[in-house]
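File shown: coords_30.cif. Contents: mmCIF, C-alpha atoms.
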data_start
#
loop_
_atom_site.label_atom_id
_atom_site.label_comp_id
_atom_site.auth_asym_id
_atom_site.auth_seq_id
_atom_site.Cartn_x
_atom_site.Cartn_y
_atom_site.Cartn_z
CA MET A 1 9.87 123.00 26.24
CA ARG A 2 7.45 122.07 29.03
CA VAL A 3 10.36 120.64 31.04
CA LEU A 4 12.24 123.92 30.63
CA LEU A 5 9.19 125.89 31.67
CA PHE A 6 8.82 123.89 34.89
CA LEU A 7 12.55 123.96 35.57
CA GLY A 8 12.64 127.72 35.00
CA GLY A 9 9.63 128.25 37.25
CA ALA A 10 11.09 126.10 40.01
CA LEU A 11 14.48 127.83 39.82
CA LEU A 12 12.73 131.19 39.88
CA LEU A 13 10.82 130.28 43.05
CA VAL A 14 13.97 129.05 44.76
CA GLY A 15 15.96 132.04 43.54
CA VAL A 16 13.43 134.66 44.61
CA ALA A 17 12.87 133.02 48.01
CA TRP A 18 16.62 132.79 48.54
CA ALA A 19 17.15 136.39 47.48
CA LEU A 20 14.39 137.71 49.74
CA LEU A 21 14.72 135.50 52.81
CA VAL A 22 18.19 134.00 53.00
CA ALA A 23 20.65 136.33 51.27
CA PRO A 24 22.40 138.74 53.66
CA ILE A 25 21.36 142.39 53.92
CA GLU A 26 23.86 144.70 52.26
CA LEU A 27 25.51 147.03 54.77
CA PHE A 28 25.04 150.37 53.03
CA GLN A 29 22.05 149.90 50.77
CA GLY A 30 19.80 147.78 53.00
CA ALA A 31 16.84 145.91 51.59
CA PRO A 32 16.64 147.68 48.15
CA GLN A 33 19.91 145.97 47.24
CA ARG A 34 17.85 142.78 46.80
CA ILE A 35 16.61 144.26 43.51
CA MET A 36 19.98 143.09 42.21
CA TYR A 37 18.66 139.52 42.09
CA VAL A 38 16.17 140.59 39.42
CA HIS A 39 18.09 143.43 37.77
CA VAL A 40 21.36 141.66 36.92
CA PRO A 41 19.81 138.41 35.60
CA SER A 42 17.31 140.37 33.48
CA VAL A 43 19.96 142.55 31.85
CA ILE A 44 22.13 139.53 31.01
CA THR A 45 19.11 137.69 29.61
CA ALA A 46 18.16 140.79 27.60
CA TYR A 47 21.56 140.98 25.94
CA VAL A 48 21.50 137.24 25.23
CA ALA A 49 18.12 137.79 23.54
CA LEU A 50 19.44 140.66 21.40
CA LEU A 51 22.42 138.53 20.41
CA VAL A 52 19.97 135.81 19.32
CA VAL A 53 18.08 138.43 17.27
CA PHE A 54 21.37 139.41 15.61
CA VAL A 55 22.38 135.82 14.79
CA GLY A 56 18.86 134.99 13.58
CA SER A 57 18.80 138.12 11.39
CA VAL A 58 22.19 137.46 9.79
CA LEU A 59 21.30 133.83 9.08
CA TYR A 60 17.88 134.78 7.73
CA LEU A 61 19.36 137.31 5.28
CA SER A 62 22.04 134.87 4.10
CA ARG A 63 19.99 131.63 4.02
CA ARG A 64 16.43 132.90 3.49
CA ASP A 65 15.10 130.16 5.75
CA PRO A 66 11.95 131.35 7.59
CA ARG A 67 13.03 129.35 10.63
CA TRP A 68 15.78 131.92 11.36
CA ASP A 69 13.28 134.72 10.98
CA ARG A 70 10.97 133.09 13.52
CA LEU A 71 13.91 132.76 15.91
CA ALA A 72 14.83 136.44 15.53
CA ARG A 73 11.22 137.59 15.80
CA SER A 74 10.55 135.59 18.97
CA ALA A 75 13.83 136.63 20.58
CA ALA A 76 13.15 140.32 19.81
CA GLU A 77 9.86 140.24 21.72
CA LEU A 78 11.54 138.64 24.72
CA GLY A 79 14.45 141.07 24.38
CA VAL A 80 12.08 144.02 24.72
CA LEU A 81 10.44 142.33 27.71
CA PHE A 82 13.73 141.76 29.55
CA VAL A 83 15.10 145.20 28.65
CA SER A 84 11.91 146.68 30.12
CA ILE A 85 12.34 144.67 33.34
CA THR A 86 15.96 145.87 33.49
CA LEU A 87 15.05 149.53 33.04
CA LEU A 88 12.18 149.46 35.54
CA SER A 89 14.01 147.49 38.24
CA GLY A 90 17.10 149.67 37.71
CA ALA A 91 15.11 152.89 38.04
CA ILE A 92 13.52 151.73 41.32
CA TRP A 93 16.86 150.58 42.71
CA GLY A 94 18.49 153.83 41.58
CA ARG A 95 15.82 155.93 43.28
CA ALA A 96 16.25 154.03 46.53
CA VAL A 97 20.02 154.08 46.60
CA TRP A 98 21.24 157.06 44.52
CA GLY A 99 18.17 159.24 45.07
CA ALA A 100 17.71 159.45 41.28
CA TRP A 101 15.46 157.42 38.98
CA TRP A 102 17.81 157.93 36.10
CA THR A 103 21.38 158.95 35.28
CA TRP A 104 23.05 159.33 31.87
CA ASP A 105 25.51 156.54 32.44
CA ALA A 106 26.92 154.54 29.53
CA ARG A 107 25.13 151.31 30.43
CA LEU A 108 21.81 152.95 31.26
CA THR A 109 21.84 154.98 28.07
CA THR A 110 22.80 151.98 25.95
CA THR A 111 20.01 149.87 27.43
CA LEU A 112 17.42 152.63 26.97
CA VAL A 113 18.40 153.24 23.34
CA LEU A 114 18.25 149.50 22.66
CA TRP A 115 14.72 149.47 24.06
CA PHE A 116 13.73 152.06 21.44
CA ILE A 117 15.51 150.25 18.60
CA TYR A 118 13.84 146.91 19.34
CA VAL A 119 10.42 148.47 19.92
CA GLY A 120 10.96 149.92 16.42
CA TYR A 121 11.79 146.38 15.27
CA LEU A 122 8.48 145.13 16.67
CA MET A 123 6.60 148.02 15.04
CA VAL A 124 8.07 147.10 11.66
CA ARG A 125 6.93 143.51 12.26
CA ALA A 126 3.46 144.62 13.23
CA TRP A 127 2.97 146.98 10.29
CA ALA A 128 4.71 144.99 7.56
CA PRO A 129 3.70 141.34 7.96
CA GLY A 130 5.23 138.49 5.99
CA VAL A 131 8.41 138.47 3.95
CA ARG A 132 8.21 142.22 3.34
CA GLY A 133 8.73 142.98 7.01
CA ALA A 134 11.08 140.06 7.64
CA SER A 135 14.03 141.46 5.65
CA ALA A 136 13.42 144.98 6.92
CA ALA A 137 13.32 143.76 10.52
CA ALA A 138 16.45 141.66 10.00
CA VAL A 139 18.32 144.77 8.85
CA ILE A 140 17.18 146.59 12.01
CA GLY A 141 18.20 143.60 14.16
CA ILE A 142 21.71 143.85 12.71
CA VAL A 143 21.96 147.66 12.86
CA GLY A 144 20.82 147.58 16.51
CA VAL A 145 23.64 145.31 17.61
CA LEU A 146 26.22 147.28 15.58
CA ASP A 147 25.03 150.36 17.45
CA ILE A 148 25.77 148.88 20.92
CA PRO A 149 29.52 149.71 21.03
CA VAL A 150 29.07 153.24 19.68
CA ILE A 151 26.20 154.06 22.03
CA HIS A 152 28.30 152.79 24.91
CA TRP A 153 31.29 154.83 23.76
CA SER A 154 29.22 157.98 23.22
CA ALA A 155 27.59 157.75 26.65
CA ARG A 156 31.00 157.46 28.31
CA ILE A 157 31.38 161.11 27.30
CA LEU A 158 28.57 161.64 29.82
CA ARG A 159 29.16 161.10 33.55
CA THR A 160 28.25 158.10 35.70
CA LEU A 161 26.77 156.90 39.01
CA HIS A 162 26.38 153.24 38.04
CA PRO A 163 28.74 150.82 39.82
CA GLN A 164 31.39 148.97 37.85
CA PRO A 165 30.80 145.26 37.09
CA THR A 166 31.05 143.08 40.20
CA VAL A 167 30.37 139.59 38.81
CA PHE A 168 31.85 139.34 35.32
CA ARG A 169 35.33 140.80 35.67
CA VAL A 170 38.77 139.47 34.86
CA GLU A 171 39.74 139.34 38.54
CA GLY A 172 36.76 137.11 39.34
CA PRO A 173 33.53 138.01 41.14
CA ALA A 174 33.76 140.66 43.89
CA LEU A 175 30.47 139.59 45.43
CA PRO A 176 30.45 137.54 48.70
CA ALA A 177 29.28 133.94 48.25
CA GLY A 178 26.10 134.60 50.26
CA MET A 179 24.99 136.98 47.51
CA LEU A 180 26.70 135.40 44.54
CA ILE A 181 24.98 132.02 44.81
CA PRO A 182 21.39 133.31 44.91
CA LEU A 183 22.31 135.69 42.08
CA LEU A 184 23.55 132.81 39.96
CA VAL A 185 20.44 130.76 40.80
CA ASN A 186 18.29 133.66 39.61
CA LEU A 187 20.43 134.09 36.51
CA ALA A 188 19.98 130.41 35.67
CA ALA A 189 16.24 130.76 36.31
CA PHE A 190 15.98 133.76 33.96
CA LEU A 191 17.97 132.06 31.21
CA VAL A 192 16.03 128.79 31.44
CA PHE A 193 12.77 130.71 31.50
CA PHE A 194 13.91 132.75 28.52
CA SER A 195 14.75 129.57 26.57
CA ALA A 196 11.36 128.07 27.42
CA LEU A 197 9.47 131.21 26.33
CA LEU A 198 11.61 131.45 23.20
CA LEU A 199 10.75 127.87 22.19
CA LEU A 200 7.10 128.50 23.01
CA ARG A 201 7.00 131.64 20.82
CA ILE A 202 8.84 129.94 17.96
CA GLY A 203 6.28 127.13 18.07
CA GLN A 204 3.42 129.64 17.97
CA GLU A 205 4.99 131.52 15.07
CA ARG A 206 5.51 128.25 13.19
CA THR A 207 1.81 127.44 13.62
CA LEU A 208 0.89 130.95 12.54
CA ASP A 209 3.04 130.73 9.40
CA ALA A 210 1.60 127.31 8.53
CA LEU A 211 -1.89 128.65 9.07
CA SER A 212 -1.46 131.69 6.83
CA GLU A 213 0.17 129.50 4.16
CA ALA A 214 -2.80 127.13 4.27
CA LEU A 215 -5.17 130.08 4.02
CA GLU A 216 -3.31 131.43 0.98
CA GLU A 217 -3.49 128.04 -0.75
CA ASP A 218 -7.22 127.95 -0.10
CA ALA A 219 -7.81 131.39 -1.54
CA MET B 1 32.21 155.35 -12.55
CA LYS B 2 30.16 157.00 -15.26
CA ALA B 3 27.01 155.26 -13.96
CA VAL B 4 27.68 156.54 -10.46
CA ARG B 5 28.11 160.05 -11.78
CA LEU B 6 24.90 159.79 -13.81
CA LEU B 7 22.86 158.52 -10.85
CA VAL B 8 24.10 161.21 -8.49
CA GLY B 9 23.61 163.77 -11.26
CA LYS B 10 20.04 162.53 -11.77
CA ASP B 11 19.18 162.96 -8.09
CA LEU B 12 20.77 166.38 -7.94
CA LEU B 13 19.02 167.51 -11.14
CA LEU B 14 15.66 166.27 -9.82
CA GLU B 15 16.30 168.12 -6.61
CA TRP B 16 17.41 171.26 -8.43
CA ARG B 17 14.27 171.29 -10.57
CA GLY B 18 11.86 170.44 -7.74
CA ARG B 19 13.81 171.60 -4.67
CA GLU B 20 11.44 169.38 -2.73
CA ILE B 21 13.76 167.80 -0.19
CA VAL B 22 16.06 170.72 0.54
CA SER B 23 13.15 173.14 0.87
CA VAL B 24 11.22 170.86 3.25
CA MET B 25 14.35 169.97 5.23
CA GLY B 26 15.59 173.55 5.20
CA LEU B 27 12.31 175.08 6.32
CA LEU B 28 11.92 172.51 9.08
CA ALA B 29 15.51 173.21 10.18
CA LEU B 30 14.91 176.96 10.30
CA LEU B 31 11.62 176.49 12.17
CA LEU B 32 13.19 174.16 14.72
CA ALA B 33 16.07 176.57 15.25
CA ILE B 34 13.56 179.36 15.87
CA VAL B 35 11.37 177.28 18.20
CA LEU B 36 14.39 176.13 20.19
CA GLY B 37 15.94 179.62 20.13
CA ALA B 38 12.73 181.25 21.31
CA THR B 39 12.65 179.04 24.37
CA ARG B 40 16.34 179.04 25.20
CA SER B 41 18.82 181.17 23.33
CA GLY B 42 21.98 181.07 25.44
CA ALA B 43 25.29 180.10 23.87
CA ASP B 44 25.22 176.71 25.68
CA ALA B 45 21.95 175.84 24.00
CA ALA B 46 23.50 176.26 20.53
CA PRO B 47 25.16 172.83 20.01
CA SER B 48 22.13 170.76 20.98
CA ALA B 49 19.74 173.04 19.04
CA MET B 50 21.98 172.68 15.99
CA TRP B 51 22.07 168.87 16.07
CA VAL B 52 18.45 168.31 17.03
CA THR B 53 17.62 170.47 14.03
CA TYR B 54 19.82 168.47 11.64
CA ALA B 55 18.72 165.07 12.95
CA PHE B 56 15.03 165.94 12.61
CA GLY B 57 15.55 167.59 9.23
CA ALA B 58 17.28 164.44 8.04
CA THR B 59 14.48 162.12 9.16
CA LEU B 60 11.98 164.23 7.26
CA GLY B 61 13.99 164.72 4.07
CA PHE B 62 15.44 161.24 3.69
CA ALA B 63 12.09 159.47 3.65
CA ARG B 64 11.21 161.52 0.56
CA THR B 65 14.16 160.39 -1.54
CA PHE B 66 12.82 156.86 -1.91
CA VAL B 67 9.20 157.89 -2.17
CA ILE B 68 10.27 159.56 -5.42
CA GLU B 69 11.70 156.22 -6.60
CA ARG B 70 8.83 154.06 -5.32
CA ASP B 71 7.11 153.64 -8.66
CA HIS B 72 10.23 153.03 -10.70
CA LEU B 73 12.62 151.45 -8.24
CA ALA B 74 13.08 148.56 -10.68
CA GLY B 75 14.55 151.08 -13.13
CA LEU B 76 17.04 152.30 -10.55
CA LEU B 77 17.98 148.74 -9.62
CA LEU B 78 18.61 147.91 -13.30
CA ALA B 79 21.51 150.37 -13.33
CA PRO B 80 24.66 148.38 -14.17
CA LEU B 81 26.01 148.81 -10.66
CA ASP B 82 26.43 146.84 -7.48
CA ARG B 83 23.53 147.49 -5.09
CA GLY B 84 26.01 148.88 -2.59
CA LEU B 85 27.10 151.50 -5.14
CA ILE B 86 23.49 152.43 -5.79
CA PHE B 87 23.21 153.00 -2.04
CA LEU B 88 26.30 155.19 -2.15
CA THR B 89 24.89 157.38 -4.94
CA LYS B 90 21.66 157.89 -2.98
CA ALA B 91 23.51 158.55 0.26
CA LEU B 92 25.83 161.00 -1.50
CA ALA B 93 22.90 162.93 -2.98
CA ASN B 94 21.20 162.98 0.43
CA TRP B 95 24.38 164.11 2.13
CA LEU B 96 24.84 166.98 -0.34
CA GLY B 97 21.25 168.04 0.37
CA LEU B 98 21.96 167.98 4.09
CA VAL B 99 25.14 170.04 3.61
CA VAL B 100 23.10 172.68 1.80
CA VAL B 101 20.66 172.74 4.74
CA GLN B 102 23.56 172.99 7.20
CA VAL B 103 25.07 175.92 5.30
CA LEU B 104 21.70 177.67 5.10
CA SER B 105 21.10 177.20 8.83
CA LEU B 106 24.42 178.59 10.05
CA PRO B 107 23.64 182.32 9.63
CA LEU B 108 20.37 181.90 11.56
CA LEU B 109 21.91 179.71 14.29
CA GLY B 110 24.69 182.27 14.68
CA ALA B 111 22.23 185.15 14.93
CA LEU B 112 19.88 183.39 17.35
CA PHE B 113 22.38 181.68 19.65
CA THR B 114 25.99 182.82 19.48
CA GLU B 115 28.24 184.48 16.93
CA ALA B 116 30.93 182.03 17.98
CA ILE B 117 29.38 179.75 15.34
CA TRP B 118 30.63 182.11 12.63
CA ARG B 119 34.03 182.75 14.23
CA HIS B 120 34.86 179.04 14.55
CA LEU B 121 33.51 178.03 11.17
CA PRO B 122 36.65 176.31 9.80
CA ALA B 123 36.95 174.07 12.88
CA LEU B 124 33.18 173.49 13.00
CA ALA B 125 33.28 172.19 9.44
CA LEU B 126 34.79 168.95 10.76
CA PRO B 127 31.92 167.83 13.04
CA LEU B 128 29.40 169.22 10.53
CA LEU B 129 30.80 167.08 7.72
CA LEU B 130 31.46 163.95 9.79
CA GLY B 131 28.07 164.14 11.50
CA GLY B 132 26.33 164.78 8.19
CA ILE B 133 27.88 161.67 6.62
CA GLY B 134 26.62 159.44 9.43
CA LEU B 135 23.13 160.94 9.31
CA ALA B 136 23.04 160.47 5.54
CA ALA B 137 24.22 156.83 5.73
CA VAL B 138 21.74 155.71 8.41
CA GLY B 139 18.95 157.89 7.00
CA THR B 140 19.36 156.57 3.46
CA LEU B 141 19.38 152.91 4.58
CA LEU B 142 16.41 153.25 6.93
CA GLY B 143 14.56 155.58 4.54
CA ALA B 144 14.81 152.92 1.82
CA LEU B 145 13.70 150.30 4.34
CA VAL B 146 10.62 152.23 5.44
CA VAL B 147 9.52 152.94 1.88
CA GLN B 148 10.30 149.42 0.60
CA ALA B 149 8.41 147.71 3.41
CA ARG B 150 5.50 150.12 2.63
CA LEU B 151 5.56 151.42 6.16
CA ARG B 152 4.35 154.83 7.14
CA GLU B 153 6.97 157.54 6.77
CA ALA B 154 6.26 158.47 10.39
CA LEU B 155 8.18 155.34 11.35
CA LEU B 156 11.49 156.72 10.02
CA PRO B 157 12.18 159.09 12.95
CA ILE B 158 11.26 156.32 15.40
CA LEU B 159 13.75 153.95 13.77
CA MET B 160 16.46 156.49 12.98
CA LEU B 161 16.76 158.71 16.06
CA PRO B 162 17.78 155.95 18.51
CA VAL B 163 20.38 154.63 16.06
CA VAL B 164 21.93 158.08 15.50
CA LEU B 165 21.83 159.09 19.17
CA PRO B 166 25.55 158.30 19.68
CA LEU B 167 26.36 160.44 16.63
CA VAL B 168 24.28 163.32 18.03
CA ILE B 169 25.93 163.04 21.47
CA ALA B 170 29.41 163.09 19.94
CA ALA B 171 28.59 165.89 17.48
CA VAL B 172 27.08 168.05 20.25
CA GLY B 173 30.16 167.41 22.40
CA ALA B 174 32.55 168.36 19.60
CA THR B 175 30.51 171.43 18.62
CA ALA B 176 30.31 172.63 22.23
CA GLY B 177 34.06 172.27 22.68
CA ILE B 178 34.83 174.14 19.46
CA LEU B 179 32.39 176.96 20.30
CA GLU B 180 34.14 177.38 23.65
CA GLY B 181 37.32 177.99 21.68
CA LEU B 182 39.05 174.72 22.60
CA PRO B 183 41.65 173.42 20.12
CA LEU B 184 40.58 170.50 17.91
CA ARG B 185 42.76 168.13 19.91
CA ALA B 186 40.55 168.70 22.98
CA VAL B 187 37.55 167.26 21.16
CA GLY B 188 39.58 164.45 19.60
CA SER B 189 37.62 161.64 21.25
CA GLU B 190 34.32 163.07 20.01
CA LEU B 191 35.68 163.43 16.47
CA ARG B 192 37.09 159.91 16.55
CA LEU B 193 33.69 158.61 17.62
CA LEU B 194 32.04 160.46 14.71
CA LEU B 195 34.57 158.98 12.32
CA ALA B 196 34.05 155.47 13.75
CA PHE B 197 30.27 155.87 13.47
CA ASP B 198 30.63 156.92 9.83
CA ILE B 199 32.90 154.00 8.97
CA ILE B 200 30.67 151.43 10.73
CA PHE B 201 27.40 152.65 9.26
CA VAL B 202 28.57 153.49 5.75
CA THR B 203 30.04 149.98 5.53
CA ALA B 204 27.03 148.26 7.13
CA SER B 205 24.56 150.17 4.95
CA PHE B 206 26.62 149.45 1.84
CA LEU B 207 26.36 145.72 2.63
CA LEU B 208 22.77 145.66 3.91
CA PHE B 209 21.20 147.84 1.20
CA GLU B 210 20.71 144.96 -1.23
CA TYR B 211 18.49 143.15 1.29
CA VAL B 212 16.43 146.29 1.79
CA VAL B 213 15.59 146.95 -1.87
CA GLU B 214 15.03 143.42 -3.14
CA GLU B 215 11.48 142.49 -4.03
#

Show me this structure written as structure tokens.
Amino acid sequence: MRVLLFLGGALLLVGVAWALLVAPIELFQGAPQRIMYVHVPSVITAYVALLVVFVGSVLYLSRRDPRWDRLARSAAELGVLFVSITLLSGAIWGRAVWGAWWTWDARLTTTLVLWFIYVGYLMVRAWAPGVRGASAAAVIGIVGVLDIPVIHWSARILRTLHPQPTVFRVEGPALPAGMLIPLLVNLAAFLVFFSALLLLRIGQERTLDALSEALEEDA
Amino acid sequence: MKAVRLLVGKDLLLEWRGREIVSVMGLLALLLAIVLGATRSGADAAPSAMWVTYAFGATLGFARTFVIERDHLAGLLLAPLDRGLIFLTKALANWLGLVVVQVLSLPLLGALFTEAIWRHLPALALPLLLGGIGLAAVGTLLGALVVQARLREALLPILMLPVVLPLVIAAVGATAGILEGLPLRAVGSELRLLLAFDIIFVTASFLLFEYVVEE
């Protein structure tokens, strides 16, 4: 865990420095385009986190092992964090380049709705501690992921400003290497950092569970 | 089958005697329609006013259905039925309540916003029914969840509205198209989305309900 934390931190330093100092300036957007090096890695990390919540929730409901619940719980917190970074960095980038903080595009809408669903997840956790909240939260973790395709579909009925994917497409990345490499470095940094924080949170939750169990035995 | 009929009958009888859910949901729906109509009463405001009204009415009414059962949920769970079927009986009763509210709201919505609502009633029935099913499925699952986890009822709208947002977007789109006099085919993608939402969430709730109600 500590190794991952240092590795993530080091990659993040390299990635941010590269993105700010070395990467070429985009012709039309100018400097604000550098927000991409935060925005794209954070959204990918956020969706990875929500996928972890989903897998943890399904396994918790089927196996009833508190370890899966701790995984889902920890990933949900980080998911909300990275979704927030995505929304904020996206709004700032959008204001600079489109002239609008927000647009009702499919991906923006999906991400915003997911923010609300997983904040709801965290509220359930906060207000219903223990096993009572664990099953309830697991159900929300599953419903949230099932909602992703329909939210995306519904928001396509609305119009869009957001560019189409440039990195993950069947034809291969459309980004020049000067931008792609720092982007991938930042993506790696975000994912490593996410894994480190996830392990850290799981460890804390394990301690917390052990502590409350010990307290119950005492009482 | 008999058990299903009895359980649905029990909920409907309770509701008929007390009229608690439909009256609360119905009054809230009428009030919302009036508040929204007072601020903006053009014909283009009608579809969103209609669906905001139903979605809010549903969040308020559906929390009640399990509060009624809170003290004797064990009795309900002892019914000789699969937990998924118990969910279906509850969702069916909730849906019927919502349909009553929808029917009651249509004269007022037509009077406040546009008479096109009355003229296109047969075509409108499709989004009304499909949207109502999705609201009832998600609302019944999350309503049970909120009550079972002993959370405040205020949490239900916070959990439910984001999940049903795609349903509301599609239902508003379909309603708007129909009110403009477009043929049903023109709102086909919205109706397909409503149908897909219903299938996904009725199935998911059917499967997940047993984890929500277990002690």

Task: Using all atoms listed in the file: which of B:Gly37, B:Gly181, B:Gly26, B:Gly97 has the shortest distance to Phe56 in chain B - done: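 Of all the options, B:Gly26 lies closest to Phe56 in chain B.
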
Task: Picked residues, the PyMOL selection byres ((chain A) within 12 of (chain B)), expected as a ChimeraX atom specification - done: /A:57-58,60-64,104,106,109-158

Open item on the list: the PyMOL selection byres ((chain B and resi 111) around 12) - which residues does that actually catch in the file I just gave you? List them as a PyMOL selection string.
Closed with: chain B and resi 30+33-34+37+41-43+46+105-110+112-118

- [ ] List, as a VMD selection string, every residue that the PyMOL selection byres ((chain A and resi 74) around 10) selects in the file provided.
- [x] chain A and resid 49 52 to 53 56 68 to 73 75 to 79 197 to 205

Quick one: 6 Å padding each side, axis-aligned, all listed atoms of range 58-68 of chain A - centre and edge lengths in Å to one decimal, as lines of an AutoDock Vina configuration file?
center_x = 17.1
center_y = 133.4
center_z = 7.4
size_x = 22.2
size_y = 20.1
size_z = 19.9

Open item on the list: When you count only C-alpha atoms, which of these residues is closest to Ser48 in chain B: B:Ala174, B:Leu195, B:Ala93, B:Ala186?
Closed with: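 Counting only C-alpha atoms, the residue closest to Ser48 in chain B is B:Ala174.
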
Open item on the list: To one decimal place in Å, what is the distance between CA of Thr53 in chain B and CA of Leu32 in chain B?
Closed with: 5.8 Å

Open item on the list: If I take CA of Ala91 in chain B and CA of Ala137 in chain B, how far is one from the other in Å, to one decimal?
Closed with: 5.8 Å

- [ ] Quote the spacing between CA of Val38 in chain A and CA of Gly178 in chain A in Å to one decimal place.
- [x]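 Result for CA of Val38 in chain A versus CA of Gly178 in chain A: 15.9 Å, one decimal.
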
Task: For Leu60 in chain B: contacts at 9 Å, all atoms listed in the file, fewer than 6 positions along chain excluded, given as a count of residues only - done: 8

Task: 8 Å contact set for Thr175 in chain B, all atoms listed in the file, chain neighbours under 5 positions out, as a VMD selection string - done: chain B and resid 47 124 127
